[in-house]
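Asks: Here you go, one structure.
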Amino acid sequence: MFGRRQRAAPDTFHSEVLGYLEPLFATAIRLTRNRADAEDLVQDTMVRALRFRDRFEPGTNLRAWLYTILHNTWRNRIRDTVREATDVDSERIEELASRPDGPAELETPERVLIRSTMDVDLKEALDELPDAFRQAVWLRDVEEFSYAEIAKMLDVPIGTVMSRISRGRRLLYEKLADGRGQRANGKGHAQVPVSR
Amino acid sequence: MSECRLITEQLTSYVDEQLDATRRVEIERHLEGCVACRGAVAGERGGQTVLRQHAKRLREEPLPPGLRSRCESLVHEHARAASLPGWRRTLVPTVLSVILLVFTASAIFSLATRRSDAVLAAQLTADHSKCFKLFVAGNPPVMDAHEVEEMLAREYGWKIHVPPSVDGLQLVGARRCLYADGLIPHVMYRAANGQDLSLFVMNGVTRKPSDLVTFGHRSQIWTKNNTTFVLVGPSDESGRLADATRYMMKEADR
């Protein structure tokens, strides 16, 4: 999984690895939804990165390599848990795919929503997404990785990555719109502030 | 396959502006006459935009206290090991693997012999060594006992008293460790002479008092109010840790 053996550049590797701690931790929190688990995950990622350092190809993307280790480590951890992420995602994909359309015609409400969304609302909405959708949209829109890089990290085909990004973005938008409508109307289920 | 279906498959590439001009024009022509696909594009673009606008702040998650220094220690240790002669470099992971194997075997054995003090001591000694090696390497910052108590309560729901630092003994870390089939708090201290002490707290567990040496470490076990405490440290035949040990045993079950 880490490619062929090759000696890494000796002097920059260690300092560069440490430079990615914060973004790795932010990603680990969205993966685990728990700061303590995220801390352990980042530390395990560092241990593995150092152990497999010789397998990193100098000149390639160190950041993408570290994120691949992070996701592999996380997958290994949850592999035997009862809650199987892909099953959950499949259910959500079926549910979303069965809908005749996404959020319908958007005019100004979309712009209003984007402007007014708070970080805390966004994090909550992200954490409510099925795991596979959350990982895909995070890696694409927050970390700005390519489809191919994400496919390698998540160990799925590129087509699956694009499908998850698409569903994840739309579902996230719906959740944010729902949350905003609920706050505007008080408690109870509110209308999505867009016309269908 | 309907045109809507084909459009849906390329929605992400379209929203991410990854399509060539020809394909893009085809999709836009379809969108002009299809309300459903326009809605899908708007929804996906909305999710994409809100994430990208907040991306910088989303990436700025403050690191937990100690994580950076622990990772720096790991990196420095690795860099130092990399500079060793080849045979020493290969010996280190081999020895660590053997130790890990022994400790893992002890842990598995403990599941079947949960009442054995020797096995409990062996397992917690393994955790003591592993956690200090991995999480408190180098010169760790001194931690505030109240903050550690709050962290253990917040993260794991444990309400325990954490003995604060005193002269000659500093609180340097706290985390969870696996004991039998559950997790327990592990609070870590460093004495002025550089020796390490661990306090493990097991709520709802009672044991007879015990004092034994395993793997070169001394484990003192005692119970109060249905909670068992285990203090693990060097066997310390010199008695240099006697004051620190007395303090911990007096303070822990307060």
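The way I read the labels, and the way they are meant: chains A, B, ... in the order of the structure tokens, residue 1 as the first residue of every chain, and ligand 1 as the first ligand shown, with later ones counted on from there.
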Per residue of chain B within 8 Å of chain A, which atom pair is closest and at what distance in Å (one decimal), using only C-alpha atoms, listed by chain and increasing number, as a Markdown table?
Replies:
| residue | atom | partner | partner_atom | distance |
| --- | --- | --- | --- | --- |
| B:Glu9 | CA | A:Ser163 | CA | 7.5 |
| B:Leu11 | CA | A:Ser166 | CA | 7.1 |
| B:Thr12 | CA | A:Ser166 | CA | 5.6 |
| B:Ser13 | CA | A:Met162 | CA | 7.9 |
| B:Val35 | CA | A:Glu105 | CA | 6.8 |
| B:Ala36 | CA | A:Asp101 | CA | 4.9 |
| B:Cys37 | CA | A:Asp101 | CA | 6.8 |
| B:Arg38 | CA | A:Glu105 | CA | 6.4 |
| B:Gly39 | CA | A:Ala104 | CA | 3.7 |
| B:Ala40 | CA | A:Gly102 | CA | 4.3 |
| B:Val41 | CA | A:Gly102 | CA | 7.9 |
| B:Ala42 | CA | A:Leu106 | CA | 6.1 |
| B:Gly43 | CA | A:Arg170 | CA | 4.9 |
| B:Glu44 | CA | A:Arg170 | CA | 4.6 |
| B:Arg45 | CA | A:Arg169 | CA | 7.5 |
| B:Gly46 | CA | A:Tyr173 | CA | 6.0 |
| B:Gly47 | CA | A:Arg169 | CA | 4.3 |
| B:Gln48 | CA | A:Arg169 | CA | 5.9 |
| B:Thr49 | CA | A:Ile114 | CA | 7.2 |
| B:Val50 | CA | A:Ile114 | CA | 5.2 |
| B:Leu51 | CA | A:Asp141 | CA | 6.0 |
| B:Arg52 | CA | A:Asp141 | CA | 5.5 |
| B:His54 | CA | A:Asp119 | CA | 7.1 |
| B:Ala55 | CA | A:Val142 | CA | 4.6 |
| B:Lys56 | CA | A:Val142 | CA | 7.4 |
| B:Arg57 | CA | A:Asp119 | CA | 7.7 |
| B:Leu58 | CA | A:Ala26 | CA | 7.2 |
| B:Arg59 | CA | A:Pro23 | CA | 5.3 |
| B:Glu60 | CA | A:Glu22 | CA | 6.8 |
| B:Glu61 | CA | A:Ala26 | CA | 5.2 |
| B:Pro62 | CA | A:Glu22 | CA | 7.1 |
| B:Leu63 | CA | A:Glu22 | CA | 6.4 |
| B:Pro64 | CA | A:Glu39 | CA | 7.3 |
| B:Leu67 | CA | A:Glu39 | CA | 7.1 |
| B:Arg68 | CA | A:Leu21 | CA | 7.5 |
| B:Cys71 | CA | A:Gln43 | CA | 6.7 |
| B:Glu72 | CA | A:Leu18 | CA | 7.1 |
| B:Leu74 | CA | A:Val47 | CA | 7.4 |
| B:Val75 | CA | A:His14 | CA | 6.1 |
| B:His76 | CA | A:His14 | CA | 7.9 |
| B:His78 | CA | A:Leu50 | CA | 6.9 |
| B:Ala79 | CA | A:His14 | CA | 7.4 |
| B:Glu155 | CA | A:Ala36 | CA | 6.7 |
Asks: So that I can check the secondary structure, give me every residue of range 30-228 of chain B assigned strand (DSSP E) by backbone DSSP, as a ChimeraX atom specification.
Replies: /B:169-179,182-191,196-203,210-214,217-224,227-228
Asks: Those same residues, written as a PDB file, in the first residue's frame with C-alpha atoms?
Replies:
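part36.pdb, freshly written:
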ATOM      1  CA  LEU B 169       7.061  14.869  41.125  1.00  0.00           C
ATOM      2  CA  GLN B 170       5.396  16.332  38.042  1.00  0.00           C
ATOM      3  CA  LEU B 171       2.130  15.417  36.374  1.00  0.00           C
ATOM      4  CA  VAL B 172       3.046  14.935  32.700  1.00  0.00           C
ATOM      5  CA  GLY B 173       0.177  13.111  31.038  1.00  0.00           C
ATOM      6  CA  ALA B 174      -3.092  11.232  31.194  1.00  0.00           C
ATOM      7  CA  ARG B 175      -4.803   8.906  28.789  1.00  0.00           C
ATOM      8  CA  ARG B 176      -6.894   5.784  28.639  1.00  0.00           C
ATOM      9  CA  CYS B 177      -5.538   2.274  28.643  1.00  0.00           C
ATOM     10  CA  LEU B 178      -7.109  -1.083  27.997  1.00  0.00           C
ATOM     11  CA  TYR B 179      -7.564  -3.313  31.029  1.00  0.00           C
ATOM     12  CA  GLY B 182     -12.586  -2.155  29.517  1.00  0.00           C
ATOM     13  CA  LEU B 183     -10.783   1.171  29.465  1.00  0.00           C
ATOM     14  CA  ILE B 184      -9.226   2.710  32.552  1.00  0.00           C
ATOM     15  CA  PRO B 185      -7.570   6.058  33.335  1.00  0.00           C
ATOM     16  CA  HIS B 186      -3.783   6.096  33.249  1.00  0.00           C
ATOM     17  CA  VAL B 187      -2.189   9.170  34.884  1.00  0.00           C
ATOM     18  CA  MET B 188       1.535   9.691  34.307  1.00  0.00           C
ATOM     19  CA  TYR B 189       4.146  11.395  36.508  1.00  0.00           C
ATOM     20  CA  ARG B 190       7.856  12.072  36.217  1.00  0.00           C
ATOM     21  CA  ALA B 191      10.049  12.283  39.277  1.00  0.00           C
ATOM     22  CA  ASP B 196       8.459   7.567  35.690  1.00  0.00           C
ATOM     23  CA  LEU B 197       5.419   6.670  37.779  1.00  0.00           C
ATOM     24  CA  SER B 198       1.988   5.609  36.573  1.00  0.00           C
ATOM     25  CA  LEU B 199      -1.290   5.651  38.451  1.00  0.00           C
ATOM     26  CA  PHE B 200      -4.062   3.403  37.135  1.00  0.00           C
ATOM     27  CA  VAL B 201      -7.595   3.703  38.544  1.00  0.00           C
ATOM     28  CA  MET B 202     -10.177   0.931  38.226  1.00  0.00           C
ATOM     29  CA  ASN B 203     -13.631   1.906  39.392  1.00  0.00           C
ATOM     30  CA  SER B 210      -0.433  -6.319  46.941  1.00  0.00           C
ATOM     31  CA  ASP B 211       3.119  -5.189  46.284  1.00  0.00           C
ATOM     32  CA  LEU B 212       5.104  -7.040  43.655  1.00  0.00           C
ATOM     33  CA  VAL B 213       7.852  -6.621  41.077  1.00  0.00           C
ATOM     34  CA  THR B 214       7.299  -7.519  37.411  1.00  0.00           C
ATOM     35  CA  HIS B 217       8.936  -2.535  37.807  1.00  0.00           C
ATOM     36  CA  ARG B 218       7.189  -2.358  41.153  1.00  0.00           C
ATOM     37  CA  SER B 219       3.375  -2.452  41.213  1.00  0.00           C
ATOM     38  CA  GLN B 220       1.538  -1.425  44.368  1.00  0.00           C
ATOM     39  CA  ILE B 221      -2.115  -2.381  44.399  1.00  0.00           C
ATOM     40  CA  TRP B 222      -4.698  -1.186  46.894  1.00  0.00           C
ATOM     41  CA  THR B 223      -8.459  -0.718  47.063  1.00  0.00           C
ATOM     42  CA  LYS B 224     -10.632   1.914  48.668  1.00  0.00           C
ATOM     43  CA  THR B 227     -12.019   1.430  43.509  1.00  0.00           C
ATOM     44  CA  THR B 228      -8.668  -0.250  42.916  1.00  0.00           C
TER      45      THR B 228
END
Asks: Of the residues B:Thr206, B:Asn225, B:Asn139, B:Ser129, which is the one nearest to Ala192 in chain B, using only C-alpha atoms?
Replies: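 Smallest distance to Ala192 in chain B is found for B:Asn139.
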Asks: So that I can see what lies close to Gly216 in chain B, please list as a ChimeraX atom specification the residues with an atom at most 9 Å from it, counting only C-alpha atoms and leaving out residues fewer than 5 positions away in the same chain.
Replies: /B:233-235
